[in-house]
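Structure file structure.txt; described as compact mmCIF, C-alpha atoms.
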# COMPACT_ATOMS: atom_id res chain seq x y z
CA MET A 1089 178.93 150.19 -58.99
CA LYS A 1090 177.24 147.03 -57.64
CA LYS A 1091 180.62 145.35 -57.14
CA THR A 1092 181.93 148.47 -55.40
CA ILE A 1093 179.00 148.55 -52.99
CA LEU A 1094 179.37 144.84 -52.22
CA LEU A 1095 183.06 145.42 -51.47
CA GLU A 1096 182.07 148.29 -49.19
CA TRP A 1097 179.72 145.99 -47.31
CA LEU A 1098 182.54 143.48 -46.90
CA LYS A 1099 184.73 146.32 -45.63
CA ILE A 1100 182.04 147.23 -43.10
CA VAL A 1101 181.88 143.65 -41.83
CA ALA A 1102 185.69 143.42 -41.67
CA GLY A 1103 185.86 146.69 -39.76
CA LEU A 1104 183.21 145.51 -37.31
CA ILE A 1105 185.17 142.29 -36.69
CA VAL A 1106 188.29 144.30 -35.82
CA PHE A 1107 186.24 146.73 -33.71
CA SER A 1108 184.49 143.85 -31.91
CA PHE A 1109 187.81 142.24 -31.06
CA GLY A 1110 188.80 145.53 -29.46
CA VAL A 1111 185.59 145.58 -27.41
CA HIS A 1112 186.25 141.98 -26.40
CA LEU A 1113 189.67 143.00 -25.08
CA THR A 1114 188.09 145.75 -22.95
CA ILE A 1115 185.76 143.11 -21.48
CA PHE A 1116 188.56 140.60 -20.98
CA ALA A 1117 190.52 143.31 -19.10
CA ASN A 1118 187.99 142.78 -16.28
CA ILE A 1119 188.44 146.22 -14.70
CA GLY A 1120 185.02 147.70 -15.47
CA LEU A 1121 183.23 148.41 -18.73
CA ALA A 1122 182.36 151.39 -20.88
CA PRO A 1123 178.77 152.68 -20.34
CA TRP A 1124 177.08 150.91 -23.27
CA ASP A 1125 178.85 147.60 -22.59
CA CYS A 1126 177.99 147.92 -18.91
CA LEU A 1127 174.33 148.27 -19.88
CA GLY A 1128 174.58 145.28 -22.21
CA MET A 1129 176.04 143.11 -19.45
CA GLY A 1130 173.41 144.38 -17.02
CA ILE A 1131 170.60 143.44 -19.40
CA ALA A 1132 172.16 140.00 -19.91
CA LYS A 1133 172.09 139.42 -16.13
CA HIS A 1134 168.33 139.86 -15.97
CA THR A 1135 167.22 138.19 -19.21
CA PRO A 1136 167.69 134.80 -20.91
CA PHE A 1137 169.94 136.54 -23.45
CA ASN A 1138 173.73 136.61 -23.50
CA TYR A 1139 175.72 139.83 -23.92
CA GLY A 1140 175.71 139.58 -27.72
CA ILE A 1141 171.94 139.20 -28.08
CA SER A 1142 171.36 141.89 -25.44
CA MET A 1143 173.57 144.34 -27.33
CA THR A 1144 171.88 143.46 -30.63
CA ILE A 1145 168.40 144.07 -29.20
CA MET A 1146 169.61 147.34 -27.69
CA ALA A 1147 171.23 148.40 -30.99
CA ILE A 1148 168.06 147.65 -32.98
CA THR A 1149 166.02 149.63 -30.43
CA ILE A 1150 168.39 152.58 -30.78
CA LEU A 1151 168.22 152.23 -34.56
CA LEU A 1152 164.44 152.57 -34.42
CA ILE A 1153 164.83 155.66 -32.23
CA ASP A 1154 167.29 157.07 -34.81
CA VAL A 1155 164.67 156.54 -37.51
CA GLY A 1156 162.14 158.36 -35.32
CA LEU A 1157 164.63 161.22 -34.90
CA LYS A 1158 164.97 161.29 -38.71
CA GLU A 1159 168.71 160.74 -38.62
CA LYS A 1160 170.61 159.48 -41.66
CA ILE A 1161 170.55 155.68 -41.66
CA GLY A 1162 172.88 153.75 -43.93
CA PHE A 1163 173.50 150.09 -44.58
CA GLY A 1164 176.51 150.49 -42.32
CA THR A 1165 174.20 151.50 -39.46
CA ILE A 1166 172.01 148.43 -40.01
CA ILE A 1167 174.93 146.00 -40.37
CA ASP A 1168 176.48 147.46 -37.22
CA ALA A 1169 173.25 146.99 -35.25
CA LEU A 1170 172.86 143.37 -36.33
CA LEU A 1171 176.44 142.10 -36.12
CA THR A 1172 178.65 143.95 -33.64
CA GLY A 1173 177.23 142.55 -30.40
CA ASN A 1174 177.27 139.02 -31.80
CA PHE A 1175 180.86 139.37 -33.01
CA VAL A 1176 181.92 140.47 -29.50
CA GLN A 1177 180.03 137.54 -28.00
CA ALA A 1178 181.80 135.16 -30.39
CA PHE A 1179 185.21 136.47 -29.27
CA ASN A 1180 184.14 136.19 -25.62
CA THR A 1181 183.04 132.59 -26.18
CA LEU A 1182 186.17 131.58 -28.09
CA ASN A 1183 188.52 133.04 -25.47
CA ARG A 1184 189.86 130.25 -23.28
CA LEU A 1185 192.29 132.36 -21.27
CA PRO A 1186 191.74 132.53 -17.50
CA GLU A 1187 189.91 135.56 -16.11
CA ASN A 1188 192.22 138.49 -15.49
CA HIS A 1189 192.62 139.74 -11.90
CA ASN A 1190 195.62 142.04 -12.39
CA THR A 1191 194.63 145.69 -12.63
CA SER A 1192 197.83 146.86 -14.35
CA PHE A 1193 197.61 144.10 -16.94
CA GLY A 1194 193.91 144.89 -17.37
CA ILE A 1195 194.67 148.54 -18.09
CA CYS A 1196 197.22 147.53 -20.75
CA ILE A 1197 194.76 145.12 -22.36
CA MET A 1198 192.04 147.78 -22.35
CA LEU A 1199 194.31 150.34 -24.05
CA ILE A 1200 195.21 147.78 -26.73
CA GLY A 1201 191.48 147.17 -27.13
CA PHE A 1202 190.98 150.89 -27.79
CA VAL A 1203 193.54 150.71 -30.61
CA PHE A 1204 191.69 147.82 -32.28
CA MET A 1205 188.40 149.66 -31.84
CA ALA A 1206 189.83 152.76 -33.52
CA LEU A 1207 191.25 150.73 -36.41
CA GLY A 1208 187.96 148.87 -36.81
CA MET A 1209 186.04 152.15 -36.94
CA TRP A 1210 188.47 153.48 -39.56
CA ILE A 1211 187.88 150.45 -41.79
CA TYR A 1212 184.13 150.56 -41.17
CA MET A 1213 183.68 154.30 -41.68
CA SER A 1214 185.82 154.40 -44.82
CA ALA A 1215 182.97 152.58 -46.60
CA GLN A 1216 181.02 155.84 -46.16
CA GLN A 1217 177.65 154.19 -45.48
CA CYS A 1218 176.84 156.05 -42.25
CA CYS A 1219 177.87 155.57 -38.62
CA GLY A 1220 176.57 153.20 -35.96
CA PRO A 1221 173.20 153.51 -34.17
CA ARG A 1222 174.68 155.00 -30.98
CA ASP A 1223 176.55 157.72 -32.87
CA ALA A 1224 173.40 158.56 -34.82
CA LEU A 1225 171.49 158.78 -31.51
CA LEU A 1226 174.08 161.21 -30.14
CA VAL A 1227 173.81 163.40 -33.23
CA GLY A 1228 170.00 163.29 -33.09
CA LEU A 1229 169.93 164.30 -29.43
CA GLY A 1230 172.51 167.00 -30.07
CA LYS A 1231 170.32 168.55 -32.77
CA ARG A 1232 167.45 168.77 -30.30
CA MET A 1233 169.63 170.49 -27.70
CA PRO A 1234 171.41 173.06 -29.88
CA LYS A 1235 172.47 175.24 -26.94
CA VAL A 1236 174.24 172.35 -25.22
CA PRO A 1237 177.76 171.44 -26.50
CA ILE A 1238 177.77 168.02 -28.15
CA GLY A 1239 180.43 166.83 -25.68
CA ILE A 1240 178.10 167.60 -22.77
CA VAL A 1241 175.24 165.81 -24.55
CA GLU A 1242 177.50 162.78 -24.91
CA VAL A 1243 178.48 162.85 -21.23
CA LEU A 1244 174.82 163.13 -20.19
CA LEU A 1245 173.87 160.23 -22.47
CA TRP A 1246 176.71 158.10 -21.11
CA ALA A 1247 175.75 158.99 -17.53
CA VAL A 1248 172.17 157.80 -18.03
CA VAL A 1249 173.30 154.62 -19.80
CA LEU A 1250 175.92 153.89 -17.13
CA LEU A 1251 173.48 154.48 -14.28
CA ILE A 1252 170.97 152.03 -15.77
CA GLY A 1253 173.74 149.50 -16.43
CA PHE A 1254 175.07 149.86 -12.88
CA LEU A 1255 171.60 149.42 -11.37
CA LEU A 1256 171.21 146.26 -13.47
CA GLY A 1257 174.48 144.91 -12.10
CA GLY A 1258 176.79 145.72 -14.99
CA PRO A 1259 180.55 145.80 -14.19
CA VAL A 1260 181.76 149.25 -13.14
CA GLY A 1261 185.33 150.05 -12.14
CA ILE A 1262 188.47 151.94 -13.06
CA GLY A 1263 188.04 150.63 -16.61
CA THR A 1264 184.76 152.50 -16.83
CA VAL A 1265 186.56 155.79 -16.15
CA ILE A 1266 189.37 154.90 -18.55
CA SER A 1267 186.86 153.95 -21.25
CA THR A 1268 184.82 157.11 -20.80
CA PHE A 1269 187.76 159.47 -21.10
CA GLY A 1270 190.52 157.41 -22.72
CA ALA A 1271 188.87 155.69 -25.70
CA GLY A 1272 188.40 158.96 -27.56
CA LEU A 1273 191.97 160.07 -26.89
CA VAL A 1274 193.41 156.79 -28.16
CA MET A 1275 191.15 156.98 -31.21
CA GLN A 1276 192.36 160.50 -32.01
CA LEU A 1277 195.99 159.41 -31.61
CA VAL A 1278 195.50 156.45 -33.96
CA TYR A 1279 193.71 158.62 -36.53
CA ASN A 1280 196.49 161.19 -36.39
CA LEU A 1281 199.06 158.45 -37.03
CA ILE A 1282 197.19 157.01 -40.03
CA ARG A 1283 196.09 160.49 -41.19
CA PHE A 1284 192.38 159.71 -41.13
CA GLU A 1285 189.80 162.47 -40.77
CA PRO A 1286 186.25 161.10 -40.27
CA ARG A 1287 184.66 164.52 -40.79
CA LYS A 1288 185.80 164.54 -44.43
CA LEU A 1289 183.78 161.43 -45.28
CA LYS A 1290 180.63 161.77 -47.39
CA HIS A 1291 178.20 159.20 -46.03
CA ARG A 1292 175.37 157.76 -48.13
CA ASP A 1293 172.11 156.64 -46.59
CA VAL A 1294 170.13 153.51 -47.45
CA LEU A 1295 168.03 155.24 -50.10
CA THR A 1296 171.09 156.67 -51.88
CA VAL A 1297 172.88 153.30 -52.01
CA ALA A 1298 169.67 151.51 -53.08
CA ARG A 1299 169.27 154.09 -55.87
CA GLN A 1300 172.85 153.46 -57.01
CA LEU A 1301 172.22 149.72 -57.08
CA ARG A 1302 169.00 150.19 -59.05
CA GLN A 1303 170.70 152.49 -61.56
CA ASN A 1304 173.51 149.98 -61.97
CA SER A 1305 171.01 147.15 -62.56
CA GLY A 1306 169.17 149.26 -65.12
CA HIS A 1307 172.41 150.06 -66.91
CA ASN A 1308 173.39 146.38 -67.03
CA LEU A 1309 169.95 145.45 -68.34
CA ARG A 1310 170.19 148.02 -71.14
CA SER A 1311 173.67 146.77 -72.01
CA ASP A 1312 172.38 143.19 -72.30
CA VAL A 1313 169.52 144.34 -74.54
CA ASN A 1314 171.87 146.27 -76.83
CA MET A 1315 174.07 143.22 -77.19
Represent the structure contained in this file as structure tokens.
Amino acid sequence: MKKTILLEWLKIVAGLIVFSFGVHLTIFANIGLAPWDCLGMGIAKHTPFNYGISMTIMAITILLIDVGLKEKIGFGTIIDALLTGNFVQAFNTLNRLPENHNTSFGICIMLIGFVFMALGMWIYMSAQQCCGPRDALLVGLGKRMPKVPIGIVEVLLWAVVLLIGFLLGGPVGIGTVISTFGAGLVMQLVYNLIRFEPRKLKHRDVLTVARQLRQNSGHNLRSDVNM
């Protein structure tokens, strides 16, 4: 069991690397950012932190809110909060290509980015150790507004995040609209092609995985004693 869980953690990290490359492509497209990335860039403009650190701080803050909302937190949630923003920043730093100024090319790059993001989420979620902090926040808010459709809750959350990001000087453009409405459609198309259904996953929180590790250690200890 311990080896299986370690492999799952490696799968989470691998998935986040693929996902982060997709996010990097949406930034490189230079046609406007999705709400959360817009906020991250806006924070970076007004602090000593780069985009990666800004996103990490924001993710940890959201994670703490998720805990306060008593949402299920897994090791996947924690790893996501700590690594994703920094992975994106690494790709941004390593990219030596000139800044894009072609809208059509930018749209193509952004759509390719969505595909990588969907594939990264597939790899990450298949470890079944809970979703990212922002998804947990959405679920938590949705539970507290039961009469409001979850899609409307998501739009309202994005609107608030985007407004704050815009006021902080985050990039807003046609890519923002495409990200808001197109990322989910591309994700669904990819998942249909690879026959992946996220709702069938059985996620385990931190306590469940820690219990499995402890039981495995106890079993190994008893085996050593018997030998």
Set up a box along x, y and z of the file covering all listed atoms of segment 1173-1180 of chain A, add 5 Å on every one of the six sides, and write the centre and edge lengths in Å to one decimal, as JSON.
{"center_x": 181.2, "center_y": 138.9, "center_z": -29.3, "size_x": 18.0, "size_y": 17.4, "size_z": 17.4}
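Of the residues under consideration (A:Leu1098, A:Val1243, A:Leu1229, A:Leu1199), A:Leu1229 shows the shortest atom-to-atom contact distance to Asp1154 of chain A when counting all atoms listed in the file.
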For the interface of segment 1160-1212 of chain A with segment 1250-1268 of chain A (cut-off 9 Å, counting all atoms listed in the file), please tabulate each contacting residue of segment 1160-1212 of chain A alongside its nearest pair of atoms and their separation in Å to one decimal, rows sorted by chain and increasing number, as JSON lines.
{"residue": "A:Thr1191", "atom": "CA", "partner": "A:Ile1262", "partner_atom": "CA", "distance": 8.8}
{"residue": "A:Gly1194", "atom": "CA", "partner": "A:Gly1263", "partner_atom": "CA", "distance": 8.2}
{"residue": "A:Ile1195", "atom": "CA", "partner": "A:Gly1263", "partner_atom": "CA", "distance": 7.1}
{"residue": "A:Met1198", "atom": "CA", "partner": "A:Gly1263", "partner_atom": "CA", "distance": 7.6}
{"residue": "A:Leu1199", "atom": "CA", "partner": "A:Ile1266", "partner_atom": "CA", "distance": 8.7}
{"residue": "A:Phe1202", "atom": "CA", "partner": "A:Ser1267", "partner_atom": "CA", "distance": 8.3}
Hey, what's within 9 Å of segment 1289-1296 of chain A if we count all atoms listed in the file and toss same-chain stuff fewer than 3 positions away? As an mmCIF file with C-alpha atoms, keeping the file's coordinate frame, please?
data_model
loop_
_atom_site.group_PDB
_atom_site.id
_atom_site.type_symbol
_atom_site.label_atom_id
_atom_site.label_comp_id
_atom_site.auth_asym_id
_atom_site.auth_seq_id
_atom_site.Cartn_x
_atom_site.Cartn_y
_atom_site.Cartn_z
ATOM 1 C CA LYS A 1160 170.610 159.480 -41.660
ATOM 2 C CA ILE A 1161 170.550 155.680 -41.660
ATOM 3 C CA GLY A 1162 172.880 153.750 -43.930
ATOM 4 C CA PHE A 1163 173.500 150.090 -44.580
ATOM 5 C CA GLY A 1164 176.510 150.490 -42.320
ATOM 6 C CA MET A 1213 183.680 154.300 -41.680
ATOM 7 C CA SER A 1214 185.820 154.400 -44.820
ATOM 8 C CA ALA A 1215 182.970 152.580 -46.600
ATOM 9 C CA GLN A 1216 181.020 155.840 -46.160
ATOM 10 C CA GLN A 1217 177.650 154.190 -45.480
ATOM 11 C CA CYS A 1218 176.840 156.050 -42.250
ATOM 12 C CA CYS A 1219 177.870 155.570 -38.620
ATOM 13 C CA GLU A 1285 189.800 162.470 -40.770
ATOM 14 C CA PRO A 1286 186.250 161.100 -40.270
ATOM 15 C CA ARG A 1299 169.270 154.090 -55.870
ATOM 16 C CA GLN A 1300 172.850 153.460 -57.010
ATOM 17 C CA LEU A 1301 172.220 149.720 -57.080
#
From the list A:Gly1140, A:Gly1208, A:Gly1272, A:Gly1156, the nearest residue to Val1101 of chain A using only C-alpha atoms is A:Gly1208
task = Measure the distance from atom CA of Trp1210 of chain A to atom CA of Phe1107 of chain A in Å and round it to one decimal.
result =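 Going from atom CA of Trp1210 of chain A over to atom CA of Phe1107 of chain A, I get 9.2 Å.
One distance worth recording is that between atom CA of Ala1224 of chain A and atom CA of Trp1097 of chain A, which is 18.8 Å.
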Counting only C-alpha atoms, the residue among A:Leu1185, A:Met1146, A:Leu1151, A:Ile1093 that lies closest to Asp1125 of chain A is A:Met1146
Once you count only C-alpha atoms, which residues end up no further than 6 Å from (190.1, 137.7, -14.5) in the file's frame, shown as a count of residues only? 4
Atom CA of Lys1090 of chain A to atom CA of Ile1166 of chain A measures 18.4 Å
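Using only C-alpha atoms, the nearest neighbour of Met1205 of chain A within the list A:Ile1119, A:Ala1132, A:Ala1271, A:Leu1094 is A:Ala1271.
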